[in-house]
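A.B. asks: Following this line is query.cif, made up of mmCIF, N, CA and C atoms:
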```
data_upload
#
loop_
_atom_site.label_atom_id
_atom_site.label_comp_id
_atom_site.auth_asym_id
_atom_site.auth_seq_id
_atom_site.Cartn_x
_atom_site.Cartn_y
_atom_site.Cartn_z
N MET A 1 139.83 0.23 -149.48
CA MET A 1 139.36 1.42 -150.15
C MET A 1 140.47 2.47 -150.11
N ASN A 2 140.54 3.25 -151.15
CA ASN A 2 141.55 4.27 -151.24
C ASN A 2 141.36 5.32 -150.13
N ASN A 3 142.47 5.81 -149.59
CA ASN A 3 142.41 6.77 -148.49
C ASN A 3 141.74 8.08 -148.92
N LYS A 4 142.02 8.52 -150.15
CA LYS A 4 141.42 9.76 -150.62
C LYS A 4 139.91 9.63 -150.79
N VAL A 5 139.46 8.44 -151.21
CA VAL A 5 138.01 8.20 -151.34
C VAL A 5 137.36 8.24 -149.97
N ARG A 6 137.99 7.64 -148.98
CA ARG A 6 137.45 7.70 -147.61
C ARG A 6 137.34 9.12 -147.11
N GLN A 7 138.34 9.94 -147.39
CA GLN A 7 138.30 11.32 -146.94
C GLN A 7 137.16 12.09 -147.60
N PHE A 8 136.93 11.87 -148.89
CA PHE A 8 135.82 12.53 -149.56
C PHE A 8 134.48 12.02 -149.05
N LEU A 9 134.37 10.73 -148.78
CA LEU A 9 133.12 10.20 -148.23
C LEU A 9 132.85 10.76 -146.84
N ARG A 10 133.89 10.93 -146.05
CA ARG A 10 133.74 11.53 -144.72
C ARG A 10 133.30 12.99 -144.84
N LEU A 11 133.86 13.70 -145.81
CA LEU A 11 133.46 15.08 -146.05
C LEU A 11 132.00 15.14 -146.51
N ASP A 12 131.61 14.22 -147.40
CA ASP A 12 130.22 14.18 -147.87
C ASP A 12 129.26 13.87 -146.73
N LEU A 13 129.62 12.93 -145.88
CA LEU A 13 128.76 12.59 -144.74
C LEU A 13 128.62 13.78 -143.80
N GLY A 14 129.70 14.48 -143.55
CA GLY A 14 129.65 15.67 -142.70
C GLY A 14 128.77 16.75 -143.31
N THR A 15 128.81 16.88 -144.62
CA THR A 15 127.98 17.87 -145.30
C THR A 15 126.50 17.52 -145.21
N VAL A 16 126.18 16.25 -145.37
CA VAL A 16 124.78 15.82 -145.26
C VAL A 16 124.26 16.05 -143.84
N VAL A 17 125.07 15.69 -142.85
CA VAL A 17 124.67 15.92 -141.45
C VAL A 17 124.50 17.41 -141.19
N PHE A 18 125.42 18.23 -141.69
CA PHE A 18 125.31 19.68 -141.52
C PHE A 18 124.02 20.20 -142.15
N GLY A 19 123.70 19.74 -143.36
CA GLY A 19 122.49 20.20 -144.04
C GLY A 19 121.22 19.85 -143.30
N VAL A 20 121.15 18.63 -142.78
CA VAL A 20 119.97 18.20 -142.04
C VAL A 20 119.84 18.99 -140.74
N VAL A 21 120.94 19.14 -140.02
CA VAL A 21 120.90 19.89 -138.76
C VAL A 21 120.55 21.34 -139.02
N TYR A 22 121.11 21.93 -140.06
CA TYR A 22 120.80 23.32 -140.42
C TYR A 22 119.31 23.48 -140.72
N PHE A 23 118.76 22.56 -141.49
CA PHE A 23 117.34 22.61 -141.84
C PHE A 23 116.46 22.49 -140.60
N VAL A 24 116.77 21.52 -139.74
CA VAL A 24 115.95 21.28 -138.55
C VAL A 24 116.04 22.45 -137.57
N VAL A 25 117.25 22.93 -137.32
CA VAL A 25 117.43 24.00 -136.33
C VAL A 25 116.79 25.30 -136.81
N THR A 26 116.99 25.66 -138.08
CA THR A 26 116.39 26.91 -138.56
C THR A 26 114.87 26.85 -138.57
N ASN A 27 114.30 25.68 -138.87
CA ASN A 27 112.85 25.56 -138.80
C ASN A 27 112.36 25.51 -137.36
N PHE A 28 113.16 24.95 -136.47
CA PHE A 28 112.78 24.86 -135.06
C PHE A 28 112.72 26.23 -134.41
N ILE A 29 113.64 27.14 -134.79
CA ILE A 29 113.65 28.47 -134.16
C ILE A 29 112.66 29.42 -134.83
N GLY A 30 111.93 28.93 -135.84
CA GLY A 30 110.86 29.74 -136.41
C GLY A 30 111.17 30.36 -137.75
N TYR A 31 112.37 30.17 -138.28
CA TYR A 31 112.70 30.71 -139.59
C TYR A 31 112.29 29.70 -140.64
N GLU A 32 111.40 30.10 -141.53
CA GLU A 32 110.91 29.17 -142.55
C GLU A 32 112.01 28.90 -143.56
N GLN A 33 112.53 27.72 -143.53
CA GLN A 33 113.65 27.32 -144.39
C GLN A 33 113.17 26.24 -145.35
N SER A 34 113.46 26.39 -146.62
CA SER A 34 113.08 25.36 -147.59
C SER A 34 114.23 24.37 -147.77
N VAL A 35 113.89 23.24 -148.34
CA VAL A 35 114.90 22.22 -148.61
C VAL A 35 115.91 22.74 -149.64
N THR A 36 115.44 23.53 -150.59
CA THR A 36 116.33 24.09 -151.61
C THR A 36 117.37 25.00 -150.98
N ASN A 37 116.95 25.87 -150.08
CA ASN A 37 117.90 26.76 -149.41
C ASN A 37 118.88 25.97 -148.56
N SER A 38 118.42 24.95 -147.89
CA SER A 38 119.32 24.11 -147.09
C SER A 38 120.33 23.39 -147.97
N THR A 39 119.89 22.96 -149.14
CA THR A 39 120.80 22.30 -150.07
C THR A 39 121.87 23.26 -150.57
N ILE A 40 121.48 24.48 -150.88
CA ILE A 40 122.45 25.49 -151.33
C ILE A 40 123.46 25.78 -150.24
N VAL A 41 123.00 25.92 -149.01
CA VAL A 41 123.91 26.17 -147.90
C VAL A 41 124.85 24.98 -147.70
N SER A 42 124.36 23.77 -147.87
CA SER A 42 125.19 22.58 -147.73
C SER A 42 126.26 22.50 -148.81
N VAL A 43 125.91 22.88 -150.03
CA VAL A 43 126.90 22.87 -151.11
C VAL A 43 127.98 23.91 -150.85
N ILE A 44 127.58 25.09 -150.39
CA ILE A 44 128.57 26.12 -150.03
C ILE A 44 129.46 25.62 -148.91
N PHE A 45 128.89 24.96 -147.91
CA PHE A 45 129.67 24.39 -146.81
C PHE A 45 130.66 23.35 -147.34
N TRP A 46 130.23 22.49 -148.26
CA TRP A 46 131.09 21.45 -148.81
C TRP A 46 132.28 22.06 -149.55
N VAL A 47 132.02 23.07 -150.37
CA VAL A 47 133.09 23.72 -151.13
C VAL A 47 134.08 24.41 -150.18
N LEU A 48 133.57 25.12 -149.20
CA LEU A 48 134.45 25.80 -148.25
C LEU A 48 135.28 24.80 -147.45
N MET A 49 134.67 23.71 -147.01
CA MET A 49 135.43 22.70 -146.27
C MET A 49 136.48 22.04 -147.15
N LEU A 50 136.16 21.85 -148.42
CA LEU A 50 137.14 21.28 -149.35
C LEU A 50 138.36 22.18 -149.46
N PHE A 51 138.13 23.49 -149.59
CA PHE A 51 139.25 24.43 -149.65
C PHE A 51 140.02 24.49 -148.33
N VAL A 52 139.30 24.56 -147.23
CA VAL A 52 139.95 24.66 -145.92
C VAL A 52 140.79 23.42 -145.63
N LEU A 53 140.21 22.25 -145.83
CA LEU A 53 140.96 21.02 -145.58
C LEU A 53 142.12 20.86 -146.56
N GLY A 54 141.95 21.33 -147.78
CA GLY A 54 143.04 21.28 -148.75
C GLY A 54 144.19 22.18 -148.35
N PHE A 55 143.90 23.38 -147.90
CA PHE A 55 144.95 24.31 -147.49
C PHE A 55 145.62 23.87 -146.20
N MET A 56 144.88 23.19 -145.33
CA MET A 56 145.46 22.70 -144.08
C MET A 56 146.29 21.44 -144.29
N GLY A 57 146.21 20.86 -145.48
CA GLY A 57 146.96 19.66 -145.76
C GLY A 57 146.34 18.40 -145.19
N LYS A 58 145.03 18.42 -145.00
CA LYS A 58 144.36 17.27 -144.43
C LYS A 58 144.11 16.15 -145.43
N PHE A 59 144.14 16.50 -146.73
CA PHE A 59 143.97 15.47 -147.75
C PHE A 59 145.35 14.92 -148.09
N ARG A 60 145.59 13.71 -147.68
CA ARG A 60 146.88 13.09 -147.91
C ARG A 60 146.75 12.00 -148.95
N GLU A 61 147.81 11.79 -149.68
CA GLU A 61 147.86 10.67 -150.63
C GLU A 61 148.80 9.63 -150.06
N ASP A 62 148.22 8.53 -149.58
CA ASP A 62 149.03 7.47 -149.00
C ASP A 62 149.04 6.27 -149.92
#
```
Once you've parsed the file, please lay out its structure as structure tokens.
C.D. replies:
Amino acid sequence: MNNKVRQFLRLDLGTVVFGVVYFVVTNFIGYEQSVTNSTIVSVIFWVLMLFVLGFMGKFRED
């Protein structure tokens, strides 16, 4: 598999895990969180991580 595809899949997996943990933790502490709001937060997280990893040079083309 292409290295760049693996990096994007790893980023996607991290985003899904972040979204689920965010949803569970916010509901556990008593803040009523909907799935839609958790999805929006996850998309924002994905975009920010894409920019951060891109600027740090973590996406390599091998």
A.B. asks: Do you have the atom C of A:Leu50-atom CA of A:Leu11 distance handy?
C.D. replies: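 Computing the Euclidean distance for atom C of A:Leu50 and atom CA of A:Leu11 yields 9.3 Å.
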A.B. asks: From the options A:Met56, A:Thr26, A:Phe8, A:Val16, which residue's atoms come nearest to A:Ile44, counting only C-alpha atoms?
C.D. replies: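 Looking only at the distances to A:Ile44, the closest residue turns out to be A:Val16.
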A.B. asks: Neighbours of A:Ile40 within 12 Å (only C-alpha atoms; same-chain residues fewer than 4 positions away dropped), as JSON, numbers by chain?
C.D. replies: {"A": [15, 16, 18, 19, 22, 23, 33, 34, 35, 36, 44, 45, 46, 47]}
A.B. asks: Give me every helix (DSSP H, G or I) residue in chain A, going by DSSP on the backbone, as a ChimeraX atom specification.
C.D. replies: /A:3-28,35-56
A.B. asks: To one decimal place, how far is atom C of A:Asn27 from atom CA of A:Val43 in Å?
C.D. replies: 20.2 Å
A.B. asks: Around all the atoms of stretch 8-19 of chain A listed in the file, with 3 Å of room on each side, what axis-aligned box do you get, giving centre and edge lengths in Å to one decimal, as AutoDock Vina command-line options?
C.D. replies:
```
--center_x 129.1 --center_y 15.2 --center_z -145.4 --size_x 21.7 --size_y 16.0 --size_z 14.4
```
A.B. asks: Tell me, in Å to one decimal, how far atom C of A:Leu9 is from atom N of A:Val52.
C.D. replies: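 Here the two named atoms are 15.2 Å from each other.
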